[in-house]
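Trainee: Dropping in work_12.cif, which is mmCIF, C-alpha atoms (C1' of nucleotides):
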```
data_structure
loop_
_atom_site.label_atom_id
_atom_site.label_comp_id
_atom_site.auth_asym_id
_atom_site.auth_seq_id
_atom_site.Cartn_x
_atom_site.Cartn_y
_atom_site.Cartn_z
CA MET A 1 0.99 22.83 -0.12
CA ALA A 2 0.33 19.12 -0.39
CA ASP A 3 -0.96 20.07 -3.80
CA VAL A 4 2.43 21.40 -4.68
CA GLU A 5 4.11 18.32 -3.32
CA ARG A 6 2.18 16.08 -5.67
CA ALA A 7 2.75 18.39 -8.60
CA ILE A 8 6.50 18.34 -8.07
CA SER A 9 6.79 14.59 -7.69
CA ALA A 10 4.52 14.22 -10.70
CA LEU A 11 6.89 16.21 -12.88
CA ALA A 12 9.88 14.35 -11.47
CA ASP A 13 9.25 11.36 -13.70
CA PRO A 14 10.76 11.72 -17.19
CA THR A 15 7.96 9.95 -19.02
CA ARG A 16 5.36 12.00 -17.24
CA ARG A 17 7.20 15.19 -18.01
CA THR A 18 7.27 14.20 -21.67
CA VAL A 19 3.54 13.53 -21.65
CA PHE A 20 2.96 16.89 -20.06
CA GLU A 21 5.17 18.69 -22.56
CA ARG A 22 3.38 17.08 -25.49
CA LEU A 23 0.13 18.51 -24.22
CA ILE A 24 1.49 22.01 -24.65
CA ASP A 25 1.14 21.58 -28.41
CA GLY A 26 -2.56 21.17 -27.81
CA PRO A 27 -5.09 18.74 -26.29
CA GLN A 28 -4.48 15.10 -27.13
CA SER A 29 -6.23 11.79 -26.79
CA VAL A 30 -4.63 9.02 -24.76
CA GLY A 31 -3.96 6.90 -27.80
CA ALA A 32 -2.38 9.76 -29.70
CA LEU A 33 -0.07 10.44 -26.80
CA ALA A 34 0.87 6.78 -26.42
CA ARG A 35 1.63 6.43 -30.13
CA GLY A 36 4.47 8.91 -29.84
CA LEU A 37 5.98 7.37 -26.74
CA PRO A 38 8.07 4.27 -26.08
CA VAL A 39 5.64 3.01 -23.43
CA SER A 40 2.32 1.22 -23.64
CA ARG A 41 -1.05 2.92 -23.63
CA PRO A 42 -1.98 1.80 -20.09
CA ALA A 43 1.24 3.36 -18.88
CA VAL A 44 0.30 6.67 -20.44
CA SER A 45 -3.18 6.37 -18.98
CA GLN A 46 -1.74 5.87 -15.50
CA HIS A 47 0.58 8.80 -15.91
CA LEU A 48 -2.36 10.96 -16.91
CA GLN A 49 -4.20 9.97 -13.73
CA VAL A 50 -1.24 11.09 -11.67
CA LEU A 51 -0.98 14.36 -13.56
CA LYS A 52 -4.70 14.87 -13.15
CA SER A 53 -4.69 14.28 -9.41
CA ALA A 54 -1.84 16.77 -9.20
CA GLY A 55 -3.93 19.41 -10.93
CA LEU A 56 -1.61 19.55 -13.90
CA VAL A 57 -4.01 18.28 -16.55
CA ALA A 58 -7.75 18.06 -17.06
CA ASP A 59 -9.75 15.65 -19.18
CA ARG A 60 -12.88 15.93 -21.25
CA ALA A 61 -14.89 13.07 -22.70
CA GLU A 62 -15.27 13.32 -26.45
CA GLY A 63 -17.26 10.38 -27.66
CA ALA A 64 -15.37 7.18 -27.02
CA ARG A 65 -12.18 9.11 -26.75
CA ARG A 66 -10.85 11.08 -23.84
CA VAL A 67 -9.02 14.28 -24.57
CA TYR A 68 -6.54 15.65 -22.08
CA ARG A 69 -5.42 19.22 -21.85
CA ILE A 70 -3.10 21.20 -19.63
CA ASP A 71 -4.57 22.64 -16.45
CA PRO A 72 -2.75 25.85 -15.47
CA ALA A 73 -3.70 25.35 -11.81
CA GLY A 74 -1.00 22.86 -10.93
CA LEU A 75 1.74 24.71 -12.74
CA GLY A 76 0.66 27.93 -11.08
CA ALA A 77 0.81 26.29 -7.66
CA ILE A 78 4.38 25.20 -8.23
CA ARG A 79 5.27 28.62 -9.51
CA ALA A 80 3.86 30.34 -6.45
CA TRP A 81 5.59 27.96 -4.10
CA LEU A 82 8.86 28.29 -5.95
CA ASP A 83 8.68 32.08 -5.99
CA ARG A 84 8.23 32.28 -2.25
CA PHE A 85 11.04 29.80 -1.85
CA TRP A 86 13.24 31.66 -4.24
CA THR A 87 13.06 34.98 -2.41
CA GLN A 88 13.63 33.30 0.95
CA ALA A 89 16.67 31.49 -0.36
CA LEU A 90 18.10 34.62 -1.92
CA ASP A 91 17.55 36.59 1.26
CA ALA A 92 19.24 33.95 3.35
CA TYR A 93 22.06 33.73 0.84
CA GLN A 94 22.61 37.47 0.85
CA ALA A 95 22.39 37.67 4.61
CA GLU A 96 25.05 35.01 4.86
CA ILE A 97 27.38 36.90 2.55
CA ASP A 98 26.87 40.12 4.50
CA SER A 99 27.60 38.47 7.83
CA LYS A 100 30.83 37.11 6.42
CA GLU A 101 31.98 40.48 5.19
CA GLU A 102 31.55 41.99 8.62
CA ASN A 103 34.55 40.09 9.96
CA MET B 1 18.02 21.12 -18.96
CA ALA B 2 19.35 17.90 -17.49
CA ASP B 3 20.36 20.10 -14.62
CA VAL B 4 16.75 21.05 -14.11
CA GLU B 5 15.70 17.43 -14.31
CA ARG B 6 17.93 16.50 -11.42
CA ALA B 7 16.89 19.52 -9.40
CA ILE B 8 13.23 18.64 -9.74
CA SER B 9 13.61 14.98 -8.86
CA ALA B 10 15.84 16.02 -5.97
CA LEU B 11 13.09 18.17 -4.50
CA ALA B 12 10.52 15.47 -5.12
CA ASP B 13 11.62 13.53 -2.04
CA PRO B 14 9.95 14.76 1.18
CA THR B 15 12.97 14.22 3.40
CA ARG B 16 15.22 15.98 0.95
CA ARG B 17 12.82 18.86 0.67
CA THR B 18 12.83 19.16 4.46
CA VAL B 19 16.61 19.20 4.54
CA PHE B 20 16.63 21.88 1.90
CA GLU B 21 14.06 23.98 3.72
CA ARG B 22 16.03 23.79 6.96
CA LEU B 23 19.02 25.26 5.18
CA ILE B 24 17.03 28.40 4.45
CA ASP B 25 17.34 29.32 8.12
CA GLY B 26 21.08 29.39 7.56
CA PRO B 27 24.04 27.08 6.88
CA GLN B 28 24.07 23.89 8.92
CA SER B 29 26.41 21.03 9.65
CA VAL B 30 25.40 17.51 8.70
CA GLY B 31 25.02 16.44 12.31
CA ALA B 32 22.89 19.44 13.19
CA LEU B 33 20.59 18.68 10.30
CA ALA B 34 20.33 15.00 11.19
CA ARG B 35 19.53 15.78 14.82
CA GLY B 36 16.30 17.48 13.81
CA LEU B 37 15.19 14.75 11.45
CA PRO B 38 13.70 11.28 11.94
CA VAL B 39 16.39 9.66 9.80
CA SER B 40 19.97 8.66 10.48
CA ARG B 41 22.99 10.85 9.81
CA PRO B 42 24.22 8.83 6.80
CA ALA B 43 20.81 9.23 5.25
CA VAL B 44 21.09 13.00 5.58
CA SER B 45 24.60 12.85 4.17
CA GLN B 46 23.38 10.96 1.13
CA HIS B 47 20.55 13.42 0.61
CA LEU B 48 23.02 16.27 0.73
CA GLN B 49 25.10 14.63 -1.99
CA VAL B 50 22.05 14.45 -4.21
CA LEU B 51 21.15 18.07 -3.50
CA LYS B 52 24.72 19.06 -4.18
CA SER B 53 24.93 17.28 -7.53
CA ALA B 54 21.68 19.00 -8.45
CA GLY B 55 23.22 22.40 -7.77
CA LEU B 56 20.81 23.10 -4.93
CA VAL B 57 23.34 23.23 -2.08
CA ALA B 58 27.04 23.86 -1.67
CA ASP B 59 29.40 22.68 1.06
CA ARG B 60 32.37 24.18 2.80
CA ALA B 61 34.82 22.38 5.06
CA GLU B 62 35.04 23.96 8.48
CA GLY B 63 37.52 22.01 10.53
CA ALA B 64 36.26 18.51 11.10
CA ARG B 65 32.77 19.64 10.29
CA ARG B 66 31.20 20.23 6.94
CA VAL B 67 28.78 23.08 6.62
CA TYR B 68 26.15 23.07 3.90
CA ARG B 69 24.41 26.11 2.54
CA ILE B 70 21.85 26.79 -0.15
CA ASP B 71 23.13 27.33 -3.66
CA PRO B 72 20.79 29.64 -5.59
CA ALA B 73 21.91 28.13 -8.91
CA GLY B 74 19.71 25.06 -8.82
CA LEU B 75 16.65 26.90 -7.65
CA GLY B 76 17.20 29.51 -10.32
CA ALA B 77 17.43 26.82 -12.99
CA ILE B 78 14.09 25.39 -11.97
CA ARG B 79 12.59 28.84 -11.92
CA ALA B 80 13.77 29.66 -15.41
CA TRP B 81 12.54 26.36 -16.77
CA LEU B 82 9.21 26.74 -15.05
CA ASP B 83 8.73 30.29 -16.27
CA ARG B 84 9.26 29.31 -19.87
CA PHE B 85 6.92 26.42 -19.35
CA TRP B 86 4.38 28.58 -17.67
CA THR B 87 4.05 31.07 -20.51
CA GLN B 88 3.88 28.29 -23.08
CA ALA B 89 1.14 26.54 -21.15
CA LEU B 90 -0.84 29.72 -20.71
CA ASP B 91 -0.54 30.58 -24.39
CA ALA B 92 -1.68 27.14 -25.41
CA TYR B 93 -4.50 27.30 -22.91
CA GLN B 94 -5.68 30.67 -24.17
CA ALA B 95 -5.35 29.60 -27.79
CA GLU B 96 -7.52 26.59 -27.05
CA ILE B 97 -10.21 28.73 -25.46
CA ASP B 98 -10.20 31.12 -28.41
CA SER B 99 -10.52 28.34 -30.95
CA LYS B 100 -13.54 27.00 -29.10
CA GLU B 101 -15.28 30.34 -29.07
CA GLU B 102 -14.99 30.64 -32.82
CA ASN B 103 -17.62 27.94 -33.38
"C1'" DA C 1 49.88 9.36 20.77
"C1'" DC C 2 45.06 8.53 22.38
"C1'" DT C 3 40.57 9.68 22.29
"C1'" DT C 4 36.52 11.73 20.77
"C1'" DA C 5 33.53 14.04 17.40
"C1'" DC C 6 32.29 14.56 12.57
"C1'" DG C 7 31.15 12.92 8.21
"C1'" DG C 8 31.59 10.25 3.78
"C1'" DT C 9 31.29 5.39 1.90
"C1'" DA C 10 29.91 0.36 1.33
"C1'" DA C 11 26.83 -3.37 1.59
"C1'" DG C 12 22.50 -5.02 2.23
"C1'" DT C 13 17.36 -4.62 3.07
"C1'" DC C 14 12.87 -3.22 1.91
"C1'" DA C 15 9.19 -0.34 0.07
"C1'" DT C 16 7.69 2.52 -3.72
"C1'" DG C 17 6.24 2.99 -8.23
"C1'" DG C 18 6.66 2.49 -13.30
"C1'" DC C 19 5.58 -0.85 -16.71
"C1'" DT C 20 3.28 -4.72 -19.11
"C1'" DG C 21 -0.37 -7.98 -20.49
"C1'" DA C 22 -5.06 -9.29 -19.68
"C1'" DC C 23 -9.61 -8.00 -18.89
"C1'" DG C 24 -13.93 -5.29 -18.70
"C1'" DT C 25 -16.72 -1.30 -20.32
"C1'" DA C 26 -18.61 2.41 -23.22
"C1'" DG C 27 -19.33 4.70 -27.53
"C1'" DA C 28 -19.60 4.74 -32.88
"C1'" DG C 29 -20.41 2.66 -37.37
"C1'" DC C 30 -22.12 -0.92 -40.28
"C1'" DG D 1 -27.00 -6.44 -32.36
"C1'" DC D 2 -22.25 -7.09 -33.76
"C1'" DT D 3 -17.84 -5.39 -34.19
"C1'" DC D 4 -14.16 -2.37 -33.66
"C1'" DT D 5 -11.87 1.21 -31.44
"C1'" DA D 6 -10.71 3.81 -27.31
"C1'" DC D 7 -9.80 3.86 -22.20
"C1'" DG D 8 -9.59 2.64 -17.52
"C1'" DT D 9 -8.37 -0.87 -14.20
"C1'" DC D 10 -6.25 -5.02 -12.13
"C1'" DA D 11 -2.48 -8.17 -10.98
"C1'" DG D 12 2.01 -9.05 -11.09
"C1'" DC D 13 6.96 -8.12 -12.21
"C1'" DC D 14 11.04 -5.72 -11.63
"C1'" DA D 15 14.14 -1.74 -11.14
"C1'" DT D 16 15.02 2.32 -8.53
"C1'" DG D 17 16.13 4.50 -4.46
"C1'" DA D 18 15.63 5.61 0.50
"C1'" DC D 19 17.28 3.86 4.69
"C1'" DT D 20 20.18 1.41 8.19
"C1'" DT D 21 24.35 -0.61 10.25
"C1'" DA D 22 29.13 -1.07 10.05
"C1'" DC D 23 33.38 0.77 8.80
"C1'" DC D 24 37.14 4.06 7.67
"C1'" DG D 25 39.54 8.48 7.27
"C1'" DT D 26 40.24 13.09 9.29
"C1'" DA D 27 40.45 16.93 12.46
"C1'" DA D 28 40.74 18.79 17.19
"C1'" DG D 29 41.51 18.41 22.20
"C1'" DT D 30 44.02 16.48 26.14
#
```
Translate the structure of the given file into structure tokens.
Mentor:
Amino acid sequence: MADVERAISALADPTRRTVFERLIDGPQSVGALARGLPVSRPAVSQHLQVLKSAGLVADRAEGARRVYRIDPAGLGAIRAWLDRFWTQALDAYQAEIDSKEEN
Amino acid sequence: MADVERAISALADPTRRTVFERLIDGPQSVGALARGLPVSRPAVSQHLQVLKSAGLVADRAEGARRVYRIDPAGLGAIRAWLDRFWTQALDAYQAEIDSKEEN
DNA sequence: ACTTACGGTAAGTCATGGCTGACGTAGAGC
DNA sequence: GCTCTACGTCAGCCATGACTTACCGTAAGT
């Protein structure tokens, strides 16, 4: 649950969301990611740490470079949480409509 | 898409998430919500404005009181966005695994 | 009309966090 | 071993936003 919390707030930042979306095209090194973004390389590195601690990405050392890839775990956690939430909200919504129609 | 962006960042705040979750139990007035939270009533009011502009809640005037309820629109937007994202991520993930096994 | 309850708004404070530049470290090539 | 590239980390800056108090309009009850 706290895992989900961090995943959500991680994806709340626009830059971080962009970094994450770029990784969908395939694993990338930090420098490669930073080159396509309007922020410095340290900024990208920090964003990747946040994404990593949220279970959204994983990293693998490849020589001097560090390649990041998407980790399905974090996204799956959000999805599960959202699904449960979604059904609850819909149920409550429908129940509210029904109770109004009974008048 | 920008709608989704606001919905996500809206749910990123813990207090706001709590407010939203409380509304699942049924529509609530601002005062009722504030009474169960460690923050002041204006704070809750401001959070509700954010949730409203994100399409996550809707309000209805009921005499002097203002009752807020969950609006499925915002949650549905996040869900749709996340689903598309989810399949893309999984595809990319699987494709990456396959390309590694070909060595 | 007066009062009381409810809630949105304004102004101001303070903490969080995103960003940069500087620095230190590890690997690869000559 | 020297150099160059690639990253992570640290310190500090600054904007964003969450929160509070004070205030104002509005609706209902007496």
Trainee: Find the residues in chain A near chain C: any atom within 12 Å counts, using all atoms listed in the file. Write them as a ChimeraX atom specification.
Mentor: /A:9-10,13-16,38-47,50,61-66
Trainee: What does chain B look like once superposed on chain A, all Cα atoms paired in sequence order, least squares? Give it as a compact mmCIF listing (two decimals) with C-alpha atoms, keeping the file's coordinate frame.
Mentor:
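Generated file (selection14.txt):
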```
# COMPACT_ATOMS: atom_id res chain seq x y z
CA MET B 1 1.11 22.85 -0.12
CA ALA B 2 0.40 19.15 -0.40
CA ASP B 3 -0.89 20.06 -3.80
CA VAL B 4 2.52 21.40 -4.71
CA GLU B 5 4.17 18.29 -3.35
CA ARG B 6 2.23 16.08 -5.70
CA ALA B 7 2.79 18.39 -8.64
CA ILE B 8 6.53 18.32 -8.13
CA SER B 9 6.82 14.57 -7.73
CA ALA B 10 4.53 14.19 -10.74
CA LEU B 11 6.91 16.17 -12.92
CA ALA B 12 9.89 14.32 -11.52
CA ASP B 13 9.24 11.31 -13.74
CA PRO B 14 10.77 11.67 -17.23
CA THR B 15 7.96 9.90 -19.06
CA ARG B 16 5.36 11.95 -17.26
CA ARG B 17 7.21 15.14 -18.03
CA THR B 18 7.26 14.15 -21.70
CA VAL B 19 3.54 13.50 -21.68
CA PHE B 20 2.97 16.86 -20.08
CA GLU B 21 5.19 18.65 -22.57
CA ARG B 22 3.38 17.05 -25.50
CA LEU B 23 0.13 18.48 -24.22
CA ILE B 24 1.51 21.98 -24.64
CA ASP B 25 1.16 21.56 -28.40
CA GLY B 26 -2.55 21.16 -27.78
CA PRO B 27 -5.08 18.73 -26.28
CA GLN B 28 -4.49 15.09 -27.14
CA SER B 29 -6.27 11.78 -26.81
CA VAL B 30 -4.69 9.02 -24.77
CA GLY B 31 -4.02 6.89 -27.83
CA ALA B 32 -2.42 9.75 -29.72
CA LEU B 33 -0.11 10.41 -26.81
CA ALA B 34 0.81 6.75 -26.44
CA ARG B 35 1.57 6.40 -30.14
CA GLY B 36 4.42 8.88 -29.85
CA LEU B 37 5.92 7.33 -26.75
CA PRO B 38 8.01 4.21 -26.10
CA VAL B 39 5.58 2.95 -23.47
CA SER B 40 2.25 1.17 -23.67
CA ARG B 41 -1.12 2.90 -23.67
CA PRO B 42 -2.07 1.81 -20.13
CA ALA B 43 1.17 3.29 -18.90
CA VAL B 44 0.24 6.63 -20.46
CA SER B 45 -3.23 6.34 -18.97
CA GLN B 46 -1.79 5.82 -15.52
CA HIS B 47 0.55 8.76 -15.93
CA LEU B 48 -2.37 10.93 -16.92
CA GLN B 49 -4.22 9.96 -13.75
CA VAL B 50 -1.25 11.06 -11.69
CA LEU B 51 -0.97 14.34 -13.59
CA LYS B 52 -4.68 14.86 -13.17
CA SER B 53 -4.68 14.28 -9.41
CA ALA B 54 -1.81 16.75 -9.21
CA GLY B 55 -3.90 19.41 -10.94
CA LEU B 56 -1.56 19.53 -13.92
CA VAL B 57 -3.99 18.26 -16.58
CA ALA B 58 -7.73 18.06 -17.06
CA ASP B 59 -9.76 15.65 -19.17
CA ARG B 60 -12.89 15.94 -21.22
CA ALA B 61 -14.92 13.09 -22.68
CA GLU B 62 -15.31 13.38 -26.42
CA GLY B 63 -17.35 10.46 -27.63
CA ALA B 64 -15.48 7.25 -27.04
CA ARG B 65 -12.27 9.17 -26.76
CA ARG B 66 -10.93 11.11 -23.84
CA VAL B 67 -9.05 14.28 -24.56
CA TYR B 68 -6.55 15.63 -22.07
CA ARG B 69 -5.41 19.21 -21.86
CA ILE B 70 -3.09 21.18 -19.62
CA ASP B 71 -4.55 22.62 -16.46
CA PRO B 72 -2.70 25.82 -15.48
CA ALA B 73 -3.64 25.33 -11.81
CA GLY B 74 -0.94 22.84 -10.94
CA LEU B 75 1.79 24.69 -12.75
CA GLY B 76 0.71 27.90 -11.08
CA ALA B 77 0.87 26.25 -7.67
CA ILE B 78 4.44 25.17 -8.25
CA ARG B 79 5.31 28.61 -9.49
CA ALA B 80 3.90 30.33 -6.44
CA TRP B 81 5.65 27.94 -4.10
CA LEU B 82 8.91 28.30 -5.95
CA ASP B 83 8.73 32.08 -5.99
CA ARG B 84 8.27 32.28 -2.26
CA PHE B 85 11.09 29.83 -1.86
CA TRP B 86 13.27 31.72 -4.23
CA THR B 87 13.07 35.03 -2.40
CA GLN B 88 13.65 33.34 0.95
CA ALA B 89 16.71 31.55 -0.37
CA LEU B 90 18.11 34.70 -1.91
CA ASP B 91 17.56 36.67 1.29
CA ALA B 92 19.25 34.02 3.36
CA TYR B 93 22.07 33.83 0.86
CA GLN B 94 22.61 37.58 0.89
CA ALA B 95 22.36 37.73 4.67
CA GLU B 96 25.04 35.08 4.91
CA ILE B 97 27.36 37.00 2.62
CA ASP B 98 26.85 40.20 4.60
CA SER B 99 27.57 38.52 7.91
CA LYS B 100 30.83 37.19 6.52
CA GLU B 101 31.96 40.58 5.33
CA GLU B 102 31.51 42.06 8.77
CA ASN B 103 34.56 40.20 10.12
```
Trainee: Output as a PyMOL selection string the set of chain D residues within 7 Å of chain B, with distances taken over all atoms listed in the file.
Mentor: chain D and resi 19+26-27
Trainee: Keeping C-alpha atoms (C1' of nucleotides) for every residue in the selection just given, could you write it to a file as a PDB file, in the coordinates of the input?
Mentor:
```
ATOM      1  C1'  DC D  19      17.280   3.860   4.690  1.00  0.00           C
ATOM      2  C1'  DT D  26      40.240  13.090   9.290  1.00  0.00           C
ATOM      3  C1'  DA D  27      40.450  16.930  12.460  1.00  0.00           C
TER       4       DA D  27
END
```
Trainee: Check every residue of chain A for an atom within 10 Å of chain B, counting all atoms listed in the file, and provide those that qualify as a PyMOL selection string.
Mentor: chain A and resi 5-14+17+20-21+23-27+69-72+75-76+78-79+82-83+85-93+95-96
Trainee: Could you jot down the CA of Leu56 in chain B to CA of Leu56 in chain A separation for me, Å, one decimal place?
Mentor: 24.4 Å
Trainee: How many Å lie between CA of Gly55 in chain A and CA of Val19 in chain A, rounded to one decimal?
Mentor: 14.3 Å
